[in-house]
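Comments concern the structure below.
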Amino acid sequence: MNRLKTIFLVLPILVLGCGGPGFFPPRSDYYYLNPNKDLSAIGRVALVELANDSAFPQISADVTEALFQALQKKQVFGLTLVRQHDPAFRSLQLDANTEYTFEQLSVIRKTLKCDAVLIGTVTGFKPYPHMSIGLRLKLIDLADGQILWALEQIWDTTDKTTEERIKSYYSRHNFMGSTTLREKLVTISSLRFVKFVGYETAETLQPKT
């Protein structure tokens, strides 16, 4: 269970290593994918509305919704959305920084009727003109408490690499309208930017082939 507590401390080491099995190109710089687990074999995942460390109360709900939609499109596993006002959430008091016992994992599994739980925090948000979002997420296997996947990342629209990924995002999806206008809308509209972030996050969750 110590792995639950220390996973984010070792993420930079894991990503900066030689890129062993289970790792993907560093489009997202800080994420971990358990090489010994098959995500497509999980069954059902409960996505719990993210905690919010930013000064913008609505952003956690917006990011959670965008992530939910992006994960549904990936169709890696079944997905249930658990909002913070849900009685199940209140009874469990889920916290991304908590180290759960096997008994607690069993209670979460039975209460939410899922095989894994995705929890995390919006670590920061800044609106236009210097829009950025920070996320810290982890997917926990409720059968044994292992981390299936974890991510800690900041998306900053003033960063050149992020700007290039936004261009690639629109190019791949062939959205309607002027390319320049579409890209600018992402950097101005928080909802559009959040959808881009949700898409990139979901893309790091890949089942074994």
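We name chains A, B, ... following the order of the structure tokens; residues begin at 1 in each chain, and ligands are numbered from 1 as shown.
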
Exercise for the section: Using only C-alpha atoms, determine which residues lie at most 7 Å from A:Ile154, disregarding the query and same-chain residues fewer than 5 positions distant; provide the list as a ChimeraX atom specification. Expected result: /A:132-135

Would you pick out the contacts of stretch 74-86 of chain A at 9 Å or less, using only C-alpha atoms, so that residues sharing its chain but fewer than 6 positions from it are not included, and give the list as a VMD selection string? chain A and resid 39 to 51 61 64 to 65 68 112 114 202 to 203 205 to 207

Hey, what does DSSP flag as strand (DSSP E) within stretch 60-169 of chain A? Can you give it to me as a PyMOL selection string? chain A and resi 78-82+116-126+132-141+147-156

Write the residues you've just listed into a file as a short mmCIF file (atom, residue, chain, number, x, y, z; two decimals), in the first residue's frame, and include C-alpha atoms for each of them.
data_model
loop_
_atom_site.label_atom_id
_atom_site.label_comp_id
_atom_site.auth_asym_id
_atom_site.auth_seq_id
_atom_site.Cartn_x
_atom_site.Cartn_y
_atom_site.Cartn_z
CA GLY A 78 -17.01 0.94 -18.56
CA LEU A 79 -17.34 4.28 -16.82
CA THR A 80 -19.48 5.71 -14.04
CA LEU A 81 -19.38 9.37 -13.02
CA VAL A 82 -19.59 10.12 -9.30
CA ALA A 116 -11.31 0.61 -10.15
CA VAL A 117 -11.59 4.23 -9.10
CA LEU A 118 -10.15 7.30 -10.84
CA ILE A 119 -9.53 10.13 -8.41
CA GLY A 120 -7.49 13.30 -8.49
CA THR A 121 -7.20 17.05 -8.22
CA VAL A 122 -7.20 20.14 -10.39
CA THR A 123 -3.96 21.51 -9.00
CA GLY A 124 -4.29 24.89 -10.67
CA PHE A 125 -6.14 26.92 -13.27
CA LYS A 126 -5.52 30.29 -14.90
CA SER A 132 -3.25 26.90 -17.94
CA ILE A 133 -4.57 23.83 -16.15
CA GLY A 134 -2.75 21.46 -13.80
CA LEU A 135 -3.97 17.93 -13.03
CA ARG A 136 -2.91 15.18 -10.66
CA LEU A 137 -4.76 11.89 -11.27
CA LYS A 138 -4.51 8.22 -10.42
CA LEU A 139 -6.46 5.09 -11.29
CA ILE A 140 -6.52 2.51 -8.50
CA ASP A 141 -7.32 -1.18 -8.90
CA ILE A 147 -1.86 1.97 -9.30
CA LEU A 148 -3.03 1.19 -12.82
CA TRP A 149 -2.25 4.61 -14.24
CA ALA A 150 -1.26 8.02 -12.89
CA LEU A 151 -0.62 11.45 -14.32
CA GLU A 152 0.68 14.78 -13.09
CA GLN A 153 0.84 17.51 -15.70
CA ILE A 154 0.38 21.21 -16.42
CA TRP A 155 -0.98 22.42 -19.77
CA ASP A 156 0.03 26.02 -20.46
#

Here atom CA of A:Ala88 and atom CA of A:Gln69 stand apart by 21.3 Å

Original post:
In stretch 46-207 of chain A, what's helix (DSSP H, G or I) per DSSP? Answer as a ChimeraX atom specification?
Top reply: /A:59-74,87-92,102-112,160-173,179-188,190-203

Q: May I ask for the distance between atom CA of A:Val107 and atom CA of A:Thr201, given in Å to one decimal place?
A: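 Separation between atom CA of A:Val107 and atom CA of A:Thr201: 27.6 Å.
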
Enter the distance from atom CA of A:Gln72 to atom CA of A:Phe193, in Å, rounded to one decimal.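 Pair atom CA of A:Gln72 / atom CA of A:Phe193 returns 18.3 Å.
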
For A:Ala55, the closest of A:Phe196, A:Asp95, A:Tyr30, A:Pro127 counting only C-alpha atoms is A:Pro127

Of A:Thr162, A:Gly198, A:Gln146, A:Lys110, the one nearest to A:Asn36 when counting only C-alpha atoms is A:Gln146

Neighbour list for stretch 142-144 of chain A as a PyMOL selection string, cut-off 7 Å, only C-alpha atoms, skip fewer than 6 positions in-chain = chain A and resi 105-106+109+115-116

| Between A:Tyr199, A:Tyr100, A:Tyr128, A:Phe89, which one has atoms that come closest to A:Ala66, using only C-alpha atoms? |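 Distance minimum relative to A:Ala66 lands on A:Tyr199.
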
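Restricting the calculation to only C-alpha atoms, the smallest distance between A:Phe102 and any of A:Gly145, A:Pro129, A:Pro87, A:Pro57 is found for A:Gly145.
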